[in-house]
Each structure stands twice: as C-alpha cells, then as structure tokens.
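**Student:** What follows is final.cif, made up of mmCIF, C-alpha atoms:
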```
data_run
#
loop_
_atom_site.label_atom_id
_atom_site.label_comp_id
_atom_site.auth_asym_id
_atom_site.auth_seq_id
_atom_site.Cartn_x
_atom_site.Cartn_y
_atom_site.Cartn_z
CA MET A 103 -13.13 19.38 1.17
CA LYS A 104 -9.86 17.97 -0.16
CA SER A 105 -9.59 14.42 -1.45
CA PRO A 106 -7.62 11.94 0.71
CA VAL A 107 -5.57 10.92 -2.32
CA ILE A 108 -2.38 12.91 -2.71
CA PRO A 109 -0.37 12.30 -5.91
CA LEU A 110 3.31 12.13 -5.08
CA PRO A 111 5.24 14.69 -7.14
CA THR A 112 8.43 12.64 -7.32
CA LEU A 113 6.97 9.22 -8.13
CA SER A 114 4.33 9.50 -10.84
CA GLY A 115 1.99 6.57 -10.85
CA PHE A 116 1.78 6.30 -7.07
CA SER A 117 -0.42 7.78 -4.41
CA GLU A 118 -0.10 8.08 -0.67
CA ARG A 119 -2.81 8.35 1.94
CA HIS A 120 -2.51 9.46 5.52
CA GLY A 121 -4.74 7.93 8.19
CA ALA A 122 -4.67 10.68 10.79
CA TRP A 123 -7.15 12.86 8.91
CA TYR A 124 -9.57 9.96 8.51
CA ALA A 125 -10.47 9.41 12.16
CA ALA A 126 -11.32 13.06 12.76
CA VAL A 127 -14.13 13.45 10.20
CA ASN A 128 -17.84 12.65 10.29
CA ARG A 129 -19.45 9.58 8.74
CA GLU A 130 -20.77 11.44 5.69
CA THR A 131 -17.31 12.75 4.85
CA LYS A 132 -15.78 9.29 5.34
CA TYR A 133 -18.35 7.81 2.96
CA HIS A 134 -17.56 10.48 0.36
CA TRP A 135 -13.81 9.90 0.71
CA ASN A 136 -14.26 6.12 0.56
CA THR A 137 -16.16 6.48 -2.70
CA LEU A 138 -13.47 8.73 -4.17
CA LEU A 139 -10.64 6.51 -2.99
CA SER A 140 -12.33 3.30 -4.12
CA ASP A 141 -12.97 4.68 -7.60
CA TYR A 142 -9.46 6.10 -7.82
CA LEU A 143 -7.76 2.84 -6.85
CA GLN A 144 -9.94 0.65 -9.04
CA VAL A 145 -10.04 2.60 -12.30
CA ARG A 146 -6.93 4.76 -12.40
CA ASP A 147 -4.95 3.05 -15.18
CA GLN A 148 -1.84 5.16 -14.50
CA LEU A 149 -1.29 3.49 -11.12
CA VAL A 150 1.33 0.77 -11.43
CA GLY A 151 1.13 -0.38 -7.82
CA MET A 152 0.19 0.65 -4.32
CA VAL A 153 2.58 1.24 -1.45
CA LEU A 154 0.58 1.07 1.76
CA ILE A 155 2.25 2.54 4.83
CA VAL A 156 1.19 0.70 7.98
CA ASP A 157 2.36 1.39 11.52
CA ALA A 158 4.19 -1.82 12.52
CA ARG A 159 3.02 -1.35 16.11
CA ARG A 160 -0.66 -1.39 15.11
CA GLY A 161 -0.76 -3.70 12.09
CA ILE A 162 -3.23 -3.58 9.22
CA THR A 163 -6.32 -1.53 10.06
CA ASP A 164 -9.85 -1.90 8.70
CA LEU A 165 -9.22 0.98 6.28
CA ASP A 166 -5.97 -0.66 5.11
CA GLU A 167 -7.87 -3.90 4.49
CA GLN A 168 -10.53 -2.03 2.53
CA MET A 169 -7.90 -0.37 0.35
CA ILE A 170 -6.29 -3.76 -0.30
CA GLN A 171 -9.67 -5.22 -1.27
CA TRP A 172 -10.30 -2.32 -3.67
CA PHE A 173 -6.89 -2.63 -5.32
CA VAL A 174 -6.35 -6.41 -5.54
CA PRO A 175 -8.76 -6.88 -8.50
CA THR A 176 -6.54 -4.63 -10.63
CA GLY A 177 -3.87 -7.35 -10.53
CA LYS A 178 -1.25 -4.69 -9.79
CA PRO A 179 1.21 -5.16 -6.91
CA ILE A 180 0.64 -3.98 -3.37
CA HIS A 181 3.62 -3.48 -1.08
CA VAL A 182 3.13 -2.80 2.62
CA LEU A 183 5.76 -0.76 4.42
CA LEU A 184 5.64 -1.62 8.12
CA SER A 185 6.77 1.76 9.33
CA LYS A 186 8.26 2.65 12.70
CA CYS A 187 9.82 -0.80 12.98
CA ASP A 188 12.66 0.85 14.89
CA LYS A 189 10.22 1.15 17.81
CA LEU A 190 10.00 -2.67 18.05
CA ASN A 191 12.61 -5.17 19.18
CA LYS A 192 13.92 -7.83 16.74
CA THR A 193 11.50 -10.51 17.91
CA GLU A 194 8.51 -8.16 17.60
CA CYS A 195 9.68 -7.12 14.12
CA LYS A 196 9.94 -10.75 13.02
CA HIS A 197 6.49 -11.65 14.38
CA THR A 198 4.88 -8.53 12.91
CA LEU A 199 6.31 -9.16 9.45
CA GLU A 200 5.23 -12.81 9.56
CA ALA A 201 1.70 -11.92 10.73
CA VAL A 202 1.20 -9.21 8.10
CA THR A 203 2.61 -11.43 5.34
CA LYS A 204 0.20 -14.20 6.34
CA GLN A 205 -2.69 -11.71 6.47
CA LEU A 206 -1.83 -10.43 2.97
CA GLN A 207 -1.80 -13.97 1.54
CA GLN A 208 -5.54 -14.30 2.13
CA TYR A 209 -6.19 -11.48 -0.38
CA ASP A 210 -4.16 -12.97 -3.22
CA PRO A 211 -6.62 -14.55 -5.69
CA VAL A 212 -3.82 -16.69 -7.16
CA LEU A 213 -3.02 -18.49 -3.90
CA PRO A 214 -5.27 -21.48 -3.20
CA GLY A 215 -6.68 -21.05 0.28
CA GLY A 216 -4.36 -18.10 0.91
CA VAL A 217 -1.36 -20.39 1.32
CA GLY A 218 2.04 -19.78 -0.27
CA ASP A 219 4.18 -16.82 -1.26
CA SER A 220 2.26 -13.98 -2.85
CA LYS A 221 3.80 -12.20 -5.80
CA GLN A 222 1.12 -9.48 -5.82
CA LEU A 223 1.05 -8.64 -2.10
CA THR A 224 4.32 -8.14 -0.23
CA ALA A 225 5.50 -6.50 2.97
CA GLN A 226 8.72 -5.29 4.53
CA LEU A 227 9.96 -3.63 7.68
CA PHE A 228 10.61 0.08 7.31
CA SER A 229 11.85 3.07 9.30
CA SER A 230 12.46 6.39 7.62
CA THR A 231 14.29 7.81 10.64
CA LYS A 232 16.71 4.85 10.91
CA ARG A 233 16.70 4.30 7.12
CA ILE A 234 15.70 0.65 7.57
CA GLY A 235 14.33 -0.84 4.35
CA LEU A 236 14.67 2.41 2.42
CA GLU A 237 16.85 0.98 -0.35
CA GLU A 238 14.67 -2.12 -0.69
CA ALA A 239 11.52 0.01 -1.03
CA ASP A 240 13.19 2.38 -3.49
CA ASN A 241 14.35 -0.53 -5.63
CA LEU A 242 10.90 -2.09 -5.68
CA VAL A 243 9.21 1.16 -6.72
CA LEU A 244 11.83 1.76 -9.43
CA LYS A 245 11.27 -1.79 -10.70
CA TRP A 246 7.52 -1.20 -10.91
CA LEU A 247 8.02 2.07 -12.76
CA PHE A 248 10.55 0.55 -15.16
CA GLU A 249 8.28 -2.41 -15.90
CA ALA A 250 5.33 -0.07 -16.51
CA GLU A 251 7.41 2.11 -18.82
CA THR A 252 8.67 -0.94 -20.73
CA THR A 253 5.13 -2.24 -21.15
CA GLU A 254 3.95 1.16 -22.44
CA ASP A 255 6.86 1.26 -24.92
CA GLU A 256 5.95 -2.21 -26.20
CA ILE A 257 2.32 -1.18 -26.68
CA THR A 258 3.16 2.02 -28.56
CA SER A 259 5.80 0.50 -30.85
#
```
Show me this structure written as structure tokens.

**Tutor:**
Amino acid sequence: MKSPVIPLPTLSGFSERHGAWYAAVNRETKYHWNTLLSDYLQVRDQLVGMVLIVDARRGITDLDEQMIQWFVPTGKPIHVLLSKCDKLNKTECKHTLEAVTKQLQQYDPVLPGGVGDSKQLTAQLFSSTKRIGLEEADNLVLKWLFEAETTEDEITS
C-alpha cells in the first residue's frame, strides 16, 4: 500500500496529501497511514513548513486538525489554502477566512488563550482555476524555502 505522503517534485521540503483516498480505506489502513503521516510530519527535519489544502466550502476537517496538531510542535509554519473559494460569494469567503483564522489561533502555543494574530498558522483564500491567491501562496513558499536555505548556509559556514 502506498503512503499518503507525496513529496512534491518541484518544491523540495514540502509534502501534499489528498483527502479523497482517506475516506475509502478501512480502519486498519487509516491507522497505519496516520502513524506514517504523524511520524513524517513530526520528525522530518527537511520540512520547512506545511501547506494544508482545505476545501473552503467544508472548512477544516478532523484529519486536517490532526495534521495541524502533529505539526505545530515543530515550530515550523503552517499555511492553509482555502481552495475552491471561487465557488463562494464574497460574504461567504470573508466569513470562511475569518472562521478558519480564528480556529487556527487556538493551536498556536505562543498566543495566550488563542487570541491574537498567529505568525505560525496562517490562512488565505485560494482558487487554482481562477488563479486567486496563487501569487501570494507562491511568494510565501519561496520565502520559507529562502529562509531555510539561508539558515542552512549560516550553520555550515
């Protein structure tokens, strides 16, 4: 059985997971995948951040929350792309982004009582088909990679 973690060939240091496969497998397989994914996210030093793709129409799922809980202790950034935002009207987009941002704040160990702006956990609206948020997401990922590369250079010199 294949692992649910798929290294992205174009962005080293990142991984992507797809939720559709997850619902269609038995409990034993889910447990095995959860163990693999948990270990991967918690101990893989090469990861510089996690981009979590969440359907804006559905919000953060239990599996998304679990992945956030596994990754937060690393201290590395988590950025949520609220995909398919083009399927929502402007008011729904605004409310969804606000709700997800508030939900993410509760996981930030730096924020007292989960109140304030999180620097570790962020979210944005995104649509690949309408190219909404694409440049913002690209810039964030490039920033993470550049910062990681700079840190590695400082350590090795």

**Student:** If we count all atoms listed in the file, what is near segment 189-201 of chain A at a cut-off of 12 Å, once residues fewer than 6 positions away on the same chain are taken out, given as an NGL selection string?

**Tutor:** :A and (156-162 or 182-183 or 207-208 or 219 or 224-232 or 234)

**Student:** Mind giving me the straight-line distance from atom CA of Asp141 of chain A to atom CA of Phe173 of chain A in Å, one decimal?

**Tutor:** 9.8 Å

**Student:** Please report the interatomic distance between atom CA of Gln205 of chain A and atom CA of Ser220 of chain A in Å with one decimal.

**Tutor:**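 A separation of 10.8 Å between them.
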
**Student:** Quick one: which residues end up in the PyMOL selection byres ((chain A and resi 174) around 12) for this structure, as a ChimeraX atom specification?

**Tutor:** /A:140,143-145,151-152,167-173,175-181,206-212,220-223

**Student:** What gap, in Å, lies between atom CA of Asp166 of chain A and atom CA of Tyr133 of chain A?

**Tutor:**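 For atom CA of Asp166 of chain A relative to atom CA of Tyr133 of chain A, the distance reads 15.2 Å.
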
**Student:** Need the axis-aligned box for segment 234-249 of chain A with 6 Å each side, so what are the centre and edges in Å to one decimal, as lines of an AutoDock Vina configuration file?

**Tutor:**
```
center_x = 12.2
center_y = 0.0
center_z = -4.2
size_x = 21.3
size_y = 16.8
size_z = 35.5
```

**Student:** Give as JSON, numbers by chain the residues that the PyMOL selection byres ((chain A and resi 150) around 7) matches when applied to the coordinates above.

**Tutor:** {"A": [115, 148, 149, 151, 178, 246, 247, 250]}

**Student:** Rank A:Leu165, A:Val217, A:Leu138, A:Val153 by their smallest atom-to-atom distance to Leu184 of chain A, using all atoms listed in the file, and report the top residue only.

**Tutor:**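 Checking each of A:Leu165, A:Val217, A:Leu138, A:Val153 against Leu184 of chain A, counting all atoms listed in the file, the winner is A:Val153.
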